[in-house]
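**Student:** Once you've had a glance at the structure underneath, I'll fire off some questions.
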Amino acid sequence: MANIPVPDNKAETKLQVDLIKPFENIALAFSGGGFRAASFSLGVLSYLDKVIFTDDTDELNGQTLLHQVRYLSSASGGTITTTLYALYNAQGKTFGQFYTKLFTGLSGDDLLQHALEILADKKRWDKRPQKSRNIINAFSLAYDEFLFDGSTLQSLIHQVSDKAHLQEVCFNATEFYTGQSFRQNVKLVPDNGTDKYFNYGNEVIFVDKDTAGKIKLGDILAASSCFPAGFEPIIYPNDYAHQEVTEQQLRNALTLIPQTGDKQESDFIKRKQFGLMDGGITDNQGLQSMMEADGRRLNRQSDFPFFELMLVNDVGSHYIQPYELPKVKKGFELNLWGVFFIAAAFLAGAIALTWWGACHHCIVATIAGALLVPVPLIWVSTVLYVRYQLFTVSKSSMGVNLQRNFTIDIIRLLVGYFTKTPVSVLKQMLTTRAQSVLMLNTSIFLKRIRQLLYDKFYGTAQWKNRGKGNHVYDLSFSNDINRKQGDTDTPVAPSDLDPSEDIQIVTQTAFNMGTTLWFDKKSTEQEHCEACLIACGQFTTCYNLLEYIDRLLAQDTADAPYDPKYQNRLLKLRAQMMDDYNHFKTDPFFLYNDSGTNYQIPGFINITMFDIPFPENWKEKKQQKPAQ
């Protein structure tokens, strides 16, 4: 039962579910983070596939937790896992087939090499002539061939069956028209609700659903995972056109709603072309889309039931490496004018040497002078070009364009003093700016958005007793302080849920892994990271579901958020998960090894704790451990 008012408009309504059906209608959100996120996500799904309802009196008896998942939302690297799973589930393939495909796809740098081969081969672009020849489109073509076999968004639609259980998926990107999340989503089974706010896009910029269904999954994954600096934006409609849908059809299917009505915006709208990039820019956890989908269901805009459990699977964190100011090396001080005059003198000398060698038929002098000319010439030309840029007005909003903010007199004043400033100081100034901007874009902004969404998710009554975090770092050494104090959404972990040292070593290794789009086959350390990430996804999911069950069971019977008839379901699931968790404590790789063996993955090698070195950044903790 639920107390669900029906709003008259789209204004946010405080909706709170009174009673839930534990572990039914599950929604999963998967964060970005390259192959790190994809591997952790694979571990999460594999553990959900392991847990089975075992109560003979339960209507779900014999089914897995994974079969109760109705909704997937993802960003960036998490979309690698969700798109492939949604496709294989719609095609009626087994979980083992999906696991094997993704496991082998993540192993090594095959996908990277495949993309680079496409980039270098002109003939590979003949079939998609509208696509710009760049790295992100090379990856989209590689995804199309290597993972999805040419499948489109409509390939995910299925008939309800014993195997296909998903109702809706959302692969998040970020659009460069208004800077909002662009939801590449689709309903996989018929929905009798009106759901007028469900768009392929958002409320301002969206694509007709029928035409969106013809978009390649490879392009959808590319749009969701093209992180800034690593890739270029993917451009709609140019980069989406293929044999089954033309660029003009895609353009006709696009709606852009004016925001200002000025000439620049009007010209932009007429072109019907916009850029898309990584979904992690606006929501790296895929959380906002999951909350939005739940709200539509609670508001009865959709005929689908609301979510009973919403699990946020996140390889990001609130931790950050403190900023350290680069030091200025003291010594002989040379300013830009000095460097300019030295370069000019060097250039004059090189030209003179070339002229003298040519006049006296000295081949050595001629060649030496000719070789020395380009370096100072490039430097002098660069200085003159930069000066020109500083003192001219650029029409582009992305250019230097100092005159948009300063007058000519102020610019002259700044340039005059900067040219007298020592090069070592200028270098330090540029370094600090570059490092701070990089830190803001790759860490601080993402973590701030993450915290704002987490505060809303865990602090709103609408999602009370239905939301749970599942983070890659939960059982790490790095999280000991927070875990022992208790997170905001979970109680302090009971003693029987304390992780073993082996679990913590594996978790810390997984947490230390950086964001990348490949695992190097030749790097034993990276191979171990892949295994650790999958295993971490498995046992961390087990741990957090146990915490969730304990939270439900700890509430007084009169105030319990579930019907008493589900008490036995919770107790049975807890007993099963506790057995698994105790097994994980002694062997964190037991499910990872069982999966590789049972699914007969080619070339699979069992991993043991002897293969995993103690994390370098925690060696001190090992040394401080008292002797047994």
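Every chain in the structure tokens has a letter given in the order shown (A, B, ...), and although residue numbers restart at 1 in each chain, ligands are simply numbered from 1 in the order shown.
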Which parts of stretch 219-320 of chain A does DSSP call strand (DSSP E) when run on the backbone here, written out as a PyMOL selection string?
**Tutor:** chain A and resi 234-236+254-256+274-278+309-314
**Student:** With stretch 37-48 of chain A as the partner and 12 Å as the cut-off, tabulate the residues of stretch 183-285 of chain A that qualify, each row holding the nearest pair of atoms and their distance in Å to one decimal, using only C-alpha atoms, sorted by chain and rising number, as a tab-separated table.
**Tutor:**
residue	atom	partner	partner_atom	distance
A:Ser225	CA	A:Ala37	CA	11.2
A:Gly280	CA	A:Ala37	CA	11.7
A:Asn284	CA	A:Ala37	CA	10.7
A:Gln285	CA	A:Ala37	CA	10.3
**Student:** Go ahead and dump the residues you just picked, all heavy atoms, as a short mmCIF file (atom, residue, chain, number, x, y, z; two decimals), in the first residue's frame.
**Tutor:**
data_model
loop_
_atom_site.label_atom_id
_atom_site.label_comp_id
_atom_site.auth_asym_id
_atom_site.auth_seq_id
_atom_site.Cartn_x
_atom_site.Cartn_y
_atom_site.Cartn_z
N SER A 225 29.60 7.93 -22.92
CA SER A 225 30.93 7.68 -22.33
C SER A 225 32.05 8.54 -22.89
O SER A 225 33.21 8.29 -22.61
CB SER A 225 31.29 6.21 -22.52
OG SER A 225 31.34 5.86 -23.89
N GLY A 280 28.35 11.60 -17.28
CA GLY A 280 28.91 11.89 -15.98
C GLY A 280 29.13 13.36 -15.71
O GLY A 280 29.32 13.76 -14.56
N ASN A 284 27.07 11.72 -12.69
CA ASN A 284 27.96 10.57 -12.89
C ASN A 284 27.45 9.29 -12.26
O ASN A 284 28.00 8.22 -12.51
CB ASN A 284 29.36 10.89 -12.35
CG ASN A 284 30.41 9.95 -12.91
OD1 ASN A 284 30.43 9.65 -14.10
ND2 ASN A 284 31.29 9.47 -12.04
N GLN A 285 26.42 9.38 -11.45
CA GLN A 285 25.86 8.19 -10.82
C GLN A 285 24.61 7.66 -11.55
O GLN A 285 24.14 6.58 -11.22
CB GLN A 285 25.49 8.47 -9.35
CG GLN A 285 26.68 8.56 -8.41
CD GLN A 285 27.63 9.67 -8.75
OE1 GLN A 285 27.23 10.81 -8.95
NE2 GLN A 285 28.91 9.36 -8.82
#
**Student:** Restricting the calculation to only C-alpha atoms, which member of A:Asp278, A:Glu117, A:Asp239, A:Asp474 is positioned closest to A:Thr174?
**Tutor:**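 Checking each candidate against A:Thr174, we get A:Asp278 as the closest.
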**Student:** So that I can check the surroundings of stretch 451-459 of chain A, please list as a PyMOL selection string every protein, DNA and RNA residue that reaches within 9 Å of it, counting only C-alpha atoms and ignoring chain neighbours fewer than 6 positions away.
**Tutor:** chain A and resi 283+285+287-288+291+318+467-468+488-489
**Student:** Residues as selected, N, CA, C and O atoms, written as an mmCIF file, in the first residue's frame, can you do that?
**Tutor:**
data_model
loop_
_atom_site.group_PDB
_atom_site.id
_atom_site.type_symbol
_atom_site.label_atom_id
_atom_site.label_comp_id
_atom_site.auth_asym_id
_atom_site.auth_seq_id
_atom_site.Cartn_x
_atom_site.Cartn_y
_atom_site.Cartn_z
ATOM 1 N N ASP A 283 25.582 14.055 -14.192
ATOM 2 C CA ASP A 283 25.140 13.099 -13.163
ATOM 3 C C ASP A 283 25.933 11.807 -13.346
ATOM 4 O O ASP A 283 25.503 10.902 -14.053
ATOM 5 N N GLN A 285 26.418 9.382 -11.452
ATOM 6 C CA GLN A 285 25.859 8.186 -10.816
ATOM 7 C C GLN A 285 24.615 7.659 -11.548
ATOM 8 O O GLN A 285 24.140 6.578 -11.216
ATOM 9 N N LEU A 287 21.872 8.752 -11.083
ATOM 10 C CA LEU A 287 20.899 8.747 -9.997
ATOM 11 C C LEU A 287 19.682 9.609 -10.279
ATOM 12 O O LEU A 287 18.542 9.235 -9.976
ATOM 13 N N GLN A 288 19.919 10.778 -10.868
ATOM 14 C CA GLN A 288 18.802 11.693 -11.104
ATOM 15 C C GLN A 288 17.756 11.075 -12.027
ATOM 16 O O GLN A 288 16.547 11.235 -11.817
ATOM 17 N N MET A 291 15.685 8.614 -10.035
ATOM 18 C CA MET A 291 14.707 9.301 -9.187
ATOM 19 C C MET A 291 13.556 9.844 -10.022
ATOM 20 O O MET A 291 12.391 9.777 -9.616
ATOM 21 N N HIS A 318 33.609 10.448 -2.356
ATOM 22 C CA HIS A 318 33.698 11.820 -1.853
ATOM 23 C C HIS A 318 35.133 12.175 -1.486
ATOM 24 O O HIS A 318 35.425 13.301 -1.111
ATOM 25 N N GLY A 467 16.069 3.349 -0.698
ATOM 26 C CA GLY A 467 17.346 3.679 -1.310
ATOM 27 C C GLY A 467 18.519 3.070 -0.567
ATOM 28 O O GLY A 467 18.531 3.009 0.667
ATOM 29 N N LYS A 468 19.514 2.616 -1.327
ATOM 30 C CA LYS A 468 20.730 2.053 -0.703
ATOM 31 C C LYS A 468 21.921 2.327 -1.604
ATOM 32 O O LYS A 468 21.863 2.135 -2.819
ATOM 33 N N THR A 488 25.476 8.211 6.446
ATOM 34 C CA THR A 488 24.208 8.903 6.693
ATOM 35 C C THR A 488 22.998 8.030 6.380
ATOM 36 O O THR A 488 21.954 8.185 6.983
ATOM 37 N N ASP A 489 23.159 7.082 5.445
ATOM 38 C CA ASP A 489 22.001 6.274 5.042
ATOM 39 C C ASP A 489 22.039 4.866 5.624
ATOM 40 O O ASP A 489 21.168 4.061 5.356
#
**Student:** Could you give me, as a count of residues only, each residue of stretch 92-170 of chain A that DSSP assigns to alpha helix (DSSP H) when run on this structure's backbone?
**Tutor:** 35
**Student:** Give the answer as one residue: which of A:Ala293, A:Leu446, A:Leu153, A:Leu119 has the shortest atom-to-atom distance to A:Ser317, using only C-alpha atoms?
**Tutor:**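 Checking each of A:Ala293, A:Leu446, A:Leu153, A:Leu119 against A:Ser317, counting only C-alpha atoms, the winner is A:Leu446.
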**Student:** Counting only C-alpha atoms, what is within 10 Å of A:Ala120, bar same-chain residues fewer than 5 positions away, as an mmCIF file with all heavy atoms, in the first residue's frame?
**Tutor:**
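Listed below is the output, around.cif:
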data_model
loop_
_atom_site.group_PDB
_atom_site.id
_atom_site.type_symbol
_atom_site.label_atom_id
_atom_site.label_comp_id
_atom_site.auth_asym_id
_atom_site.auth_seq_id
_atom_site.Cartn_x
_atom_site.Cartn_y
_atom_site.Cartn_z
ATOM 1 N N ALA A 115 39.327 0.045 -32.049
ATOM 2 C CA ALA A 115 38.950 1.433 -32.335
ATOM 3 C C ALA A 115 40.062 2.154 -33.093
ATOM 4 O O ALA A 115 39.790 2.904 -34.042
ATOM 5 C CB ALA A 115 38.637 2.166 -31.032
ATOM 6 N N TRP A 125 35.361 3.937 -42.922
ATOM 7 C CA TRP A 125 34.450 5.072 -42.758
ATOM 8 C C TRP A 125 33.517 5.250 -43.950
ATOM 9 O O TRP A 125 32.619 6.100 -43.910
ATOM 10 C CB TRP A 125 35.252 6.358 -42.539
ATOM 11 C CG TRP A 125 36.102 6.272 -41.315
ATOM 12 C CD1 TRP A 125 37.350 5.728 -41.206
ATOM 13 C CD2 TRP A 125 35.745 6.710 -39.997
ATOM 14 N NE1 TRP A 125 37.803 5.810 -39.909
ATOM 15 C CE2 TRP A 125 36.841 6.410 -39.143
ATOM 16 C CE3 TRP A 125 34.627 7.338 -39.456
ATOM 17 C CZ2 TRP A 125 36.835 6.711 -37.793
ATOM 18 C CZ3 TRP A 125 34.617 7.647 -38.099
ATOM 19 C CH2 TRP A 125 35.708 7.330 -37.286
ATOM 20 N N ARG A 133 35.564 11.751 -38.770
ATOM 21 C CA ARG A 133 36.609 10.767 -38.506
ATOM 22 C C ARG A 133 37.435 11.239 -37.308
ATOM 23 O O ARG A 133 38.351 12.038 -37.423
ATOM 24 C CB ARG A 133 37.490 10.598 -39.741
ATOM 25 C CG ARG A 133 38.483 9.449 -39.646
ATOM 26 C CD ARG A 133 39.185 9.262 -40.970
ATOM 27 N NE ARG A 133 40.243 8.268 -40.897
ATOM 28 C CZ ARG A 133 41.025 7.928 -41.926
ATOM 29 N NH1 ARG A 133 40.843 8.520 -43.096
ATOM 30 N NH2 ARG A 133 41.975 7.038 -41.779
ATOM 31 N N ASN A 134 37.083 10.741 -36.144
ATOM 32 C CA ASN A 134 37.781 11.110 -34.914
ATOM 33 C C ASN A 134 37.725 9.942 -33.930
ATOM 34 O O ASN A 134 37.205 8.866 -34.241
ATOM 35 C CB ASN A 134 37.174 12.382 -34.307
ATOM 36 C CG ASN A 134 35.673 12.256 -34.074
ATOM 37 O OD1 ASN A 134 35.157 11.175 -33.829
ATOM 38 N ND2 ASN A 134 34.970 13.384 -34.166
ATOM 39 N N ALA A 138 35.375 6.521 -33.810
ATOM 40 C CA ALA A 138 36.073 5.245 -33.976
ATOM 41 C C ALA A 138 35.635 4.264 -32.891
ATOM 42 O O ALA A 138 35.410 3.076 -33.146
ATOM 43 C CB ALA A 138 37.582 5.463 -33.929
#
**Student:** When you count only C-alpha atoms, which of these residues is closest to A:Phe610: A:Pro190, A:Asp587, A:Asp121, A:Leu112?
**Tutor:**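 Closest residue, counting only C-alpha atoms: A:Asp587.
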**Student:** Taking into account only C-alpha atoms, which residue in the set A:Met609, A:Phe139, A:Gln555, A:Tyr88 is nearest to A:Asp110?
**Tutor:**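 Selected residue with least distance to A:Asp110: A:Phe139.
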